[in-house]
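Enquirer: Structure supplied as protein22.pdb; contents: PDB, C-alpha atoms, pLDDT in the B column.
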ATOM      1  CA  MET E  29      -9.725 -41.998  23.400  1.00 42.00           C
ATOM      2  CA  THR E  30      -6.842 -41.879  20.928  1.00 40.00           C
ATOM      3  CA  THR E  31      -4.263 -39.143  21.053  1.00 40.00           C
ATOM      4  CA  THR E  32      -2.308 -38.007  18.027  1.00 39.00           C
ATOM      5  CA  ILE E  33       0.482 -35.495  17.893  1.00 41.00           C
ATOM      6  CA  ALA E  34       0.781 -33.086  14.986  1.00 43.00           C
ATOM      7  CA  GLN E  35       3.352 -30.422  14.315  1.00 41.00           C
ATOM      8  CA  ALA E  36       1.737 -27.008  13.835  1.00 42.00           C
ATOM      9  CA  GLY E  37       4.488 -24.516  13.177  1.00 44.00           C
ATOM     10  CA  PHE E  38       6.788 -24.805  16.155  1.00 42.00           C
ATOM     11  CA  VAL E  39       4.072 -25.818  18.593  1.00 43.00           C
ATOM     12  CA  LYS E  40       3.049 -29.411  19.216  1.00 47.00           C
ATOM     13  CA  VAL E  41      -0.696 -29.878  19.220  1.00 48.00           C
ATOM     14  CA  THR E  42      -2.367 -32.801  20.954  1.00 54.00           C
ATOM     15  CA  SER E  43      -5.632 -33.783  19.405  1.00 56.00           C
ATOM     16  CA  PRO E  44      -7.943 -36.443  20.864  1.00 57.00           C
ATOM     17  CA  TYR E  45      -9.468 -37.297  17.507  1.00 58.00           C
ATOM     18  CA  PRO E  46      -7.636 -37.720  14.201  1.00 54.00           C
ATOM     19  CA  GLU E  47     -10.389 -35.954  12.262  1.00 54.00           C
ATOM     20  CA  GLU E  48      -9.624 -32.812  14.207  1.00 55.00           C
ATOM     21  CA  GLN E  49      -6.394 -32.524  12.206  1.00 58.00           C
ATOM     22  CA  GLU E  50      -8.240 -32.648   8.880  1.00 58.00           C
ATOM     23  CA  LEU E  51     -10.858 -30.281  10.114  1.00 55.00           C
ATOM     24  CA  LEU E  52      -8.576 -27.534  11.312  1.00 60.00           C
ATOM     25  CA  GLU E  53      -9.185 -25.942   7.939  1.00 64.00           C
ATOM     26  CA  PRO E  54     -12.100 -27.650   6.154  1.00 63.00           C
ATOM     27  CA  ALA E  55     -12.114 -24.940   3.498  1.00 61.00           C
ATOM     28  CA  LEU E  56      -8.811 -26.358   2.234  1.00 61.00           C
ATOM     29  CA  ALA E  57     -10.357 -29.775   1.648  1.00 58.00           C
ATOM     30  CA  ALA E  58     -10.805 -30.882  -1.938  1.00 59.00           C
ATOM     31  CA  PRO E  59     -14.368 -29.979  -2.968  1.00 67.00           C
ATOM     32  CA  THR E  60     -15.219 -33.382  -4.422  1.00 80.00           C
ATOM     33  CA  PRO E  61     -18.584 -34.895  -3.502  1.00 84.00           C
ATOM     34  CA  GLN E  62     -16.785 -37.840  -1.878  1.00 86.00           C
ATOM     35  CA  LYS E  63     -14.624 -35.568   0.285  1.00 85.00           C
ATOM     36  CA  ALA E  64     -17.675 -33.515   1.280  1.00 85.00           C
ATOM     37  CA  ALA E  65     -19.543 -36.651   2.322  1.00 88.00           C
ATOM     38  CA  GLN E  66     -16.496 -37.869   4.230  1.00 88.00           C
ATOM     39  CA  LEU E  67     -16.174 -34.566   6.108  1.00 88.00           C
ATOM     40  CA  ARG E  68     -19.882 -34.573   6.987  1.00 89.00           C
ATOM     41  CA  LEU E  69     -19.649 -38.157   8.243  1.00 92.00           C
ATOM     42  CA  LYS E  70     -16.586 -37.414  10.366  1.00 91.00           C
ATOM     43  CA  ALA E  71     -18.258 -34.325  11.826  1.00 91.00           C
ATOM     44  CA  SER E  72     -21.324 -36.395  12.652  1.00 94.00           C
ATOM     45  CA  HIS E  73     -19.238 -39.103  14.338  1.00 95.00           C
ATOM     46  CA  TRP E  74     -17.290 -36.548  16.363  1.00 94.00           C
ATOM     47  CA  LEU E  75     -20.529 -34.893  17.488  1.00 95.00           C
ATOM     48  CA  LEU E  76     -22.039 -38.239  18.489  1.00 96.00           C
ATOM     49  CA  ARG E  77     -18.951 -39.233  20.491  1.00 96.00           C
ATOM     50  CA  ALA E  78     -18.804 -35.847  22.205  1.00 96.00           C
ATOM     51  CA  GLN E  79     -22.522 -35.948  23.041  1.00 96.00           C
ATOM     52  CA  LYS E  80     -22.136 -39.440  24.512  1.00 96.00           C
ATOM     53  CA  GLU E  81     -19.145 -38.361  26.587  1.00 96.00           C
ATOM     54  CA  LEU E  82     -21.101 -35.379  27.924  1.00 96.00           C
ATOM     55  CA  HIS E  83     -24.134 -37.540  28.669  1.00 96.00           C
ATOM     56  CA  ASP E  84     -21.948 -40.040  30.536  1.00 95.00           C
ATOM     57  CA  ALA E  85     -20.193 -37.245  32.426  1.00 94.00           C
ATOM     58  CA  ILE E  86     -23.502 -35.682  33.474  1.00 93.00           C
ATOM     59  CA  PHE E  87     -24.902 -38.925  34.862  1.00 92.00           C
ATOM     60  CA  MET E  88     -21.623 -39.965  36.488  1.00 89.00           C
ATOM     61  CA  ARG E  89     -21.201 -36.691  38.401  1.00 84.00           C
ATOM     62  CA  ASP E  90     -20.724 -37.432  42.051  1.00 86.00           C
ATOM     63  CA  GLY E  91     -19.473 -34.056  43.235  1.00 86.00           C
ATOM     64  CA  SER E  92     -15.853 -35.164  43.217  1.00 92.00           C
ATOM     65  CA  GLU E  93     -13.107 -33.148  41.588  1.00 93.00           C
ATOM     66  CA  GLU E  94     -12.630 -35.895  38.984  1.00 93.00           C
ATOM     67  CA  GLY E  95     -16.331 -35.801  38.164  1.00 92.00           C
ATOM     68  CA  LEU E  96     -16.243 -32.047  37.678  1.00 92.00           C
ATOM     69  CA  ASP E  97     -13.127 -32.321  35.532  1.00 94.00           C
ATOM     70  CA  ARG E  98     -14.738 -35.065  33.422  1.00 94.00           C
ATOM     71  CA  TYR E  99     -17.837 -32.899  32.926  1.00 94.00           C
ATOM     72  CA  ALA E 100     -15.783 -29.804  32.000  1.00 94.00           C
ATOM     73  CA  SER E 101     -13.662 -31.805  29.572  1.00 95.00           C
ATOM     74  CA  ALA E 102     -16.718 -33.408  27.944  1.00 95.00           C
ATOM     75  CA  ARG E 103     -18.458 -30.017  27.647  1.00 96.00           C
ATOM     76  CA  ALA E 104     -15.364 -28.492  26.026  1.00 96.00           C
ATOM     77  CA  GLU E 105     -15.103 -31.436  23.612  1.00 95.00           C
ATOM     78  CA  LEU E 106     -18.735 -31.023  22.578  1.00 96.00           C
ATOM     79  CA  ASP E 107     -18.198 -27.290  22.057  1.00 96.00           C
ATOM     80  CA  SER E 108     -15.205 -28.082  19.829  1.00 93.00           C
ATOM     81  CA  ALA E 109     -17.137 -30.702  17.868  1.00 94.00           C
ATOM     82  CA  GLU E 110     -20.041 -28.290  17.334  1.00 94.00           C
ATOM     83  CA  ALA E 111     -17.744 -25.483  16.216  1.00 93.00           C
ATOM     84  CA  TRP E 112     -15.954 -27.779  13.827  1.00 89.00           C
ATOM     85  CA  ALA E 113     -19.205 -29.127  12.382  1.00 91.00           C
ATOM     86  CA  LEU E 114     -20.291 -25.534  11.706  1.00 92.00           C
ATOM     87  CA  ARG E 115     -16.964 -24.799   9.988  1.00 89.00           C
ATOM     88  CA  VAL E 116     -17.392 -27.882   7.805  1.00 88.00           C
ATOM     89  CA  ALA E 117     -20.942 -26.863   6.896  1.00 88.00           C
ATOM     90  CA  GLU E 118     -19.837 -23.320   6.041  1.00 87.00           C
ATOM     91  CA  ALA E 119     -16.848 -24.517   4.013  1.00 85.00           C
ATOM     92  CA  LEU E 120     -18.972 -26.959   2.015  1.00 85.00           C
ATOM     93  CA  ALA E 121     -21.737 -24.409   1.443  1.00 85.00           C
ATOM     94  CA  LYS E 122     -19.386 -21.899  -0.171  1.00 77.00           C
ATOM     95  CA  PRO E 123     -19.497 -21.876  -3.965  1.00 72.00           C
ATOM     96  CA  ARG E 124     -16.229 -23.026  -5.507  1.00 64.00           C
ATOM     97  CA  GLY E 125     -14.892 -21.032  -8.372  1.00 58.00           C
TER
END
How would this structure read if it were set down as structure tokens?

Expert:
Amino acid sequence: MTTTIAQAGFVKVTSPYPEEQELLEPALAAPTPQKAAQLRLKASHWLLRAQKELHDAIFMRDGSEEGLDRYASARAELDSAEAWALRVAEALAKPRG
């Protein structure tokens, strides 16, 4: 898992996936067909990774504190990926004028 640091105002934000930085505001993305396809692909990849992490965390649960933390982290990552994918879909569905 790669970690990138981005400056957001005066607060440092740690993001496990680089696409998360682009996707903070998908509505600001250029509305070209290539950019739309790129955003959809990145959302799909993030969702797949998050689903795999959750699947692995579920089947690796052994009742330990680390196992519970891994599950909670994977669940939160999947929630973030799903929310971001919805934001991308909404941003790309809006008519540009």

Enquirer: Find, counting all atoms listed in the file, the residue in E:Lys80, E:His73, E:Ala85, E:Leu67 that gets nearest to Asp97 of chain E.

Expert: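 Looking at the shortest contact to Asp97 of chain E, the residue is E:Ala85.
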
Enquirer: Please list as a PyMOL selection string every residue within 10 Å of Ser108 of chain E, counting all atoms listed in the file and excluding residues in the same chain fewer than 3 positions away.

Expert: chain E and resi 48+74-75+78+102-105+111-114

Enquirer: Figure out the distance between atom CA of Ala64 of chain E and atom CA of Leu106 of chain E, please, to one decimal in Å.

Expert: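 Value for the atom CA of Leu106 of chain E-atom CA of Ala64 of chain E distance: 21.5 Å.
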
Enquirer: Rounded to one decimal place, report the atom CA of Asp107 of chain E-atom CA of Ala71 of chain E distance in Å.

Expert: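 These two atoms are separated by 12.4 Å.
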
Enquirer: For the atom pair atom CA of Ala100 of chain E and atom CA of Leu76 of chain E, what is the interatomic distance in Å to one decimal place?

Expert: 17.1 Å

Enquirer: Leu96 of chain E: which residues within 12 Å, counting only C-alpha atoms, same-chain residues fewer than 5 positions away excluded, as a ChimeraX atom specification?

Expert: /E:82,85-91,101-103

Enquirer: Could you add the missing atoms to segment 65-76 of chain E, up to all heavy atoms, and return them as a PDB file, in the frame of the given file?

Expert:
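Saved the output as result18.pdb:
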ATOM      1  N   ALA E  65     -18.816 -35.631   1.565  1.00 88.00           N
ATOM      2  CA  ALA E  65     -19.543 -36.651   2.322  1.00 88.00           C
ATOM      3  C   ALA E  65     -18.689 -37.192   3.460  1.00 88.00           C
ATOM      4  O   ALA E  65     -19.192 -37.415   4.570  1.00 88.00           O
ATOM      5  CB  ALA E  65     -19.968 -37.790   1.400  1.00 88.00           C
ATOM      6  N   GLN E  66     -17.408 -37.370   3.202  1.00 88.00           N
ATOM      7  CA  GLN E  66     -16.496 -37.869   4.230  1.00 88.00           C
ATOM      8  C   GLN E  66     -16.379 -36.863   5.384  1.00 88.00           C
ATOM      9  O   GLN E  66     -16.420 -37.245   6.551  1.00 88.00           O
ATOM     10  CB  GLN E  66     -15.123 -38.127   3.613  1.00 88.00           C
ATOM     11  CG  GLN E  66     -14.109 -38.707   4.566  1.00 88.00           C
ATOM     12  CD  GLN E  66     -12.764 -38.888   3.904  1.00 88.00           C
ATOM     13  OE1 GLN E  66     -12.350 -38.082   3.071  1.00 88.00           O
ATOM     14  NE2 GLN E  66     -12.086 -39.953   4.267  1.00 88.00           N
ATOM     15  N   LEU E  67     -16.256 -35.586   5.064  1.00 88.00           N
ATOM     16  CA  LEU E  67     -16.174 -34.566   6.108  1.00 88.00           C
ATOM     17  C   LEU E  67     -17.458 -34.496   6.937  1.00 88.00           C
ATOM     18  O   LEU E  67     -17.412 -34.382   8.154  1.00 88.00           O
ATOM     19  CB  LEU E  67     -15.864 -33.201   5.500  1.00 88.00           C
ATOM     20  CG  LEU E  67     -14.428 -32.980   5.039  1.00 88.00           C
ATOM     21  CD1 LEU E  67     -14.325 -31.675   4.265  1.00 88.00           C
ATOM     22  CD2 LEU E  67     -13.477 -32.997   6.206  1.00 88.00           C
ATOM     23  N   ARG E  68     -18.605 -34.588   6.267  1.00 89.00           N
ATOM     24  CA  ARG E  68     -19.882 -34.573   6.987  1.00 89.00           C
ATOM     25  C   ARG E  68     -19.994 -35.777   7.921  1.00 89.00           C
ATOM     26  O   ARG E  68     -20.456 -35.656   9.061  1.00 89.00           O
ATOM     27  CB  ARG E  68     -21.044 -34.564   6.006  1.00 89.00           C
ATOM     28  CG  ARG E  68     -21.276 -33.243   5.340  1.00 89.00           C
ATOM     29  CD  ARG E  68     -22.554 -33.255   4.494  1.00 89.00           C
ATOM     30  NE  ARG E  68     -22.631 -32.093   3.680  1.00 89.00           N
ATOM     31  CZ  ARG E  68     -22.361 -32.065   2.371  1.00 89.00           C
ATOM     32  NH1 ARG E  68     -22.019 -33.163   1.733  1.00 89.00           N
ATOM     33  NH2 ARG E  68     -22.453 -30.941   1.692  1.00 89.00           N
ATOM     34  N   LEU E  69     -19.583 -36.944   7.434  1.00 92.00           N
ATOM     35  CA  LEU E  69     -19.649 -38.157   8.243  1.00 92.00           C
ATOM     36  C   LEU E  69     -18.725 -38.056   9.451  1.00 92.00           C
ATOM     37  O   LEU E  69     -19.110 -38.401  10.573  1.00 92.00           O
ATOM     38  CB  LEU E  69     -19.279 -39.373   7.391  1.00 92.00           C
ATOM     39  CG  LEU E  69     -19.354 -40.725   8.095  1.00 92.00           C
ATOM     40  CD1 LEU E  69     -20.790 -41.017   8.523  1.00 92.00           C
ATOM     41  CD2 LEU E  69     -18.840 -41.820   7.174  1.00 92.00           C
ATOM     42  N   LYS E  70     -17.520 -37.561   9.246  1.00 91.00           N
ATOM     43  CA  LYS E  70     -16.586 -37.414  10.366  1.00 91.00           C
ATOM     44  C   LYS E  70     -17.098 -36.402  11.384  1.00 91.00           C
ATOM     45  O   LYS E  70     -16.970 -36.607  12.593  1.00 91.00           O
ATOM     46  CB  LYS E  70     -15.209 -37.017   9.858  1.00 91.00           C
ATOM     47  CG  LYS E  70     -14.499 -38.161   9.176  1.00 91.00           C
ATOM     48  CD  LYS E  70     -13.111 -37.770   8.741  1.00 91.00           C
ATOM     49  CE  LYS E  70     -12.426 -38.957   8.098  1.00 91.00           C
ATOM     50  NZ  LYS E  70     -11.019 -38.691   7.836  1.00 91.00           N
ATOM     51  N   ALA E  71     -17.690 -35.315  10.905  1.00 91.00           N
ATOM     52  CA  ALA E  71     -18.258 -34.325  11.826  1.00 91.00           C
ATOM     53  C   ALA E  71     -19.389 -34.947  12.631  1.00 91.00           C
ATOM     54  O   ALA E  71     -19.490 -34.735  13.845  1.00 91.00           O
ATOM     55  CB  ALA E  71     -18.753 -33.107  11.043  1.00 91.00           C
ATOM     56  N   SER E  72     -20.219 -35.730  11.974  1.00 94.00           N
ATOM     57  CA  SER E  72     -21.324 -36.395  12.652  1.00 94.00           C
ATOM     58  C   SER E  72     -20.813 -37.365  13.719  1.00 94.00           C
ATOM     59  O   SER E  72     -21.318 -37.394  14.843  1.00 94.00           O
ATOM     60  CB  SER E  72     -22.179 -37.143  11.630  1.00 94.00           C
ATOM     61  OG  SER E  72     -23.184 -37.886  12.268  1.00 94.00           O
ATOM     62  N   HIS E  73     -19.796 -38.147  13.375  1.00 95.00           N
ATOM     63  CA  HIS E  73     -19.238 -39.103  14.338  1.00 95.00           C
ATOM     64  C   HIS E  73     -18.622 -38.393  15.535  1.00 95.00           C
ATOM     65  O   HIS E  73     -18.797 -38.823  16.676  1.00 95.00           O
ATOM     66  CB  HIS E  73     -18.197 -39.989  13.664  1.00 95.00           C
ATOM     67  CG  HIS E  73     -18.799 -41.027  12.788  1.00 95.00           C
ATOM     68  ND1 HIS E  73     -18.075 -42.019  12.197  1.00 95.00           N
ATOM     69  CD2 HIS E  73     -20.077 -41.245  12.391  1.00 95.00           C
ATOM     70  CE1 HIS E  73     -18.854 -42.789  11.483  1.00 95.00           C
ATOM     71  NE2 HIS E  73     -20.081 -42.330  11.578  1.00 95.00           N
ATOM     72  N   TRP E  74     -17.914 -37.296  15.271  1.00 94.00           N
ATOM     73  CA  TRP E  74     -17.290 -36.548  16.363  1.00 94.00           C
ATOM     74  C   TRP E  74     -18.373 -35.978  17.283  1.00 94.00           C
ATOM     75  O   TRP E  74     -18.268 -36.048  18.509  1.00 94.00           O
ATOM     76  CB  TRP E  74     -16.389 -35.457  15.801  1.00 94.00           C
ATOM     77  CG  TRP E  74     -15.532 -34.779  16.816  1.00 94.00           C
ATOM     78  CD1 TRP E  74     -15.354 -35.133  18.133  1.00 94.00           C
ATOM     79  CD2 TRP E  74     -14.734 -33.622  16.623  1.00 94.00           C
ATOM     80  NE1 TRP E  74     -14.485 -34.261  18.742  1.00 94.00           N
ATOM     81  CE2 TRP E  74     -14.092 -33.334  17.841  1.00 94.00           C
ATOM     82  CE3 TRP E  74     -14.499 -32.800  15.528  1.00 94.00           C
ATOM     83  CZ2 TRP E  74     -13.229 -32.250  17.987  1.00 94.00           C
ATOM     84  CZ3 TRP E  74     -13.633 -31.731  15.687  1.00 94.00           C
ATOM     85  CH2 TRP E  74     -13.006 -31.459  16.899  1.00 94.00           C
ATOM     86  N   LEU E  75     -19.425 -35.421  16.680  1.00 95.00           N
ATOM     87  CA  LEU E  75     -20.529 -34.893  17.488  1.00 95.00           C
ATOM     88  C   LEU E  75     -21.180 -35.985  18.335  1.00 95.00           C
ATOM     89  O   LEU E  75     -21.460 -35.780  19.521  1.00 95.00           O
ATOM     90  CB  LEU E  75     -21.580 -34.235  16.597  1.00 95.00           C
ATOM     91  CG  LEU E  75     -21.277 -32.828  16.122  1.00 95.00           C
ATOM     92  CD1 LEU E  75     -22.247 -32.421  15.031  1.00 95.00           C
ATOM     93  CD2 LEU E  75     -21.334 -31.852  17.286  1.00 95.00           C
ATOM     94  N   LEU E  76     -21.414 -37.141  17.743  1.00 96.00           N
ATOM     95  CA  LEU E  76     -22.039 -38.239  18.489  1.00 96.00           C
ATOM     96  C   LEU E  76     -21.168 -38.688  19.653  1.00 96.00           C
ATOM     97  O   LEU E  76     -21.665 -38.916  20.761  1.00 96.00           O
ATOM     98  CB  LEU E  76     -22.338 -39.414  17.563  1.00 96.00           C
ATOM     99  CG  LEU E  76     -23.500 -39.221  16.594  1.00 96.00           C
ATOM    100  CD1 LEU E  76     -23.588 -40.377  15.620  1.00 96.00           C
ATOM    101  CD2 LEU E  76     -24.798 -39.060  17.365  1.00 96.00           C
TER     102      LEU E  76
END
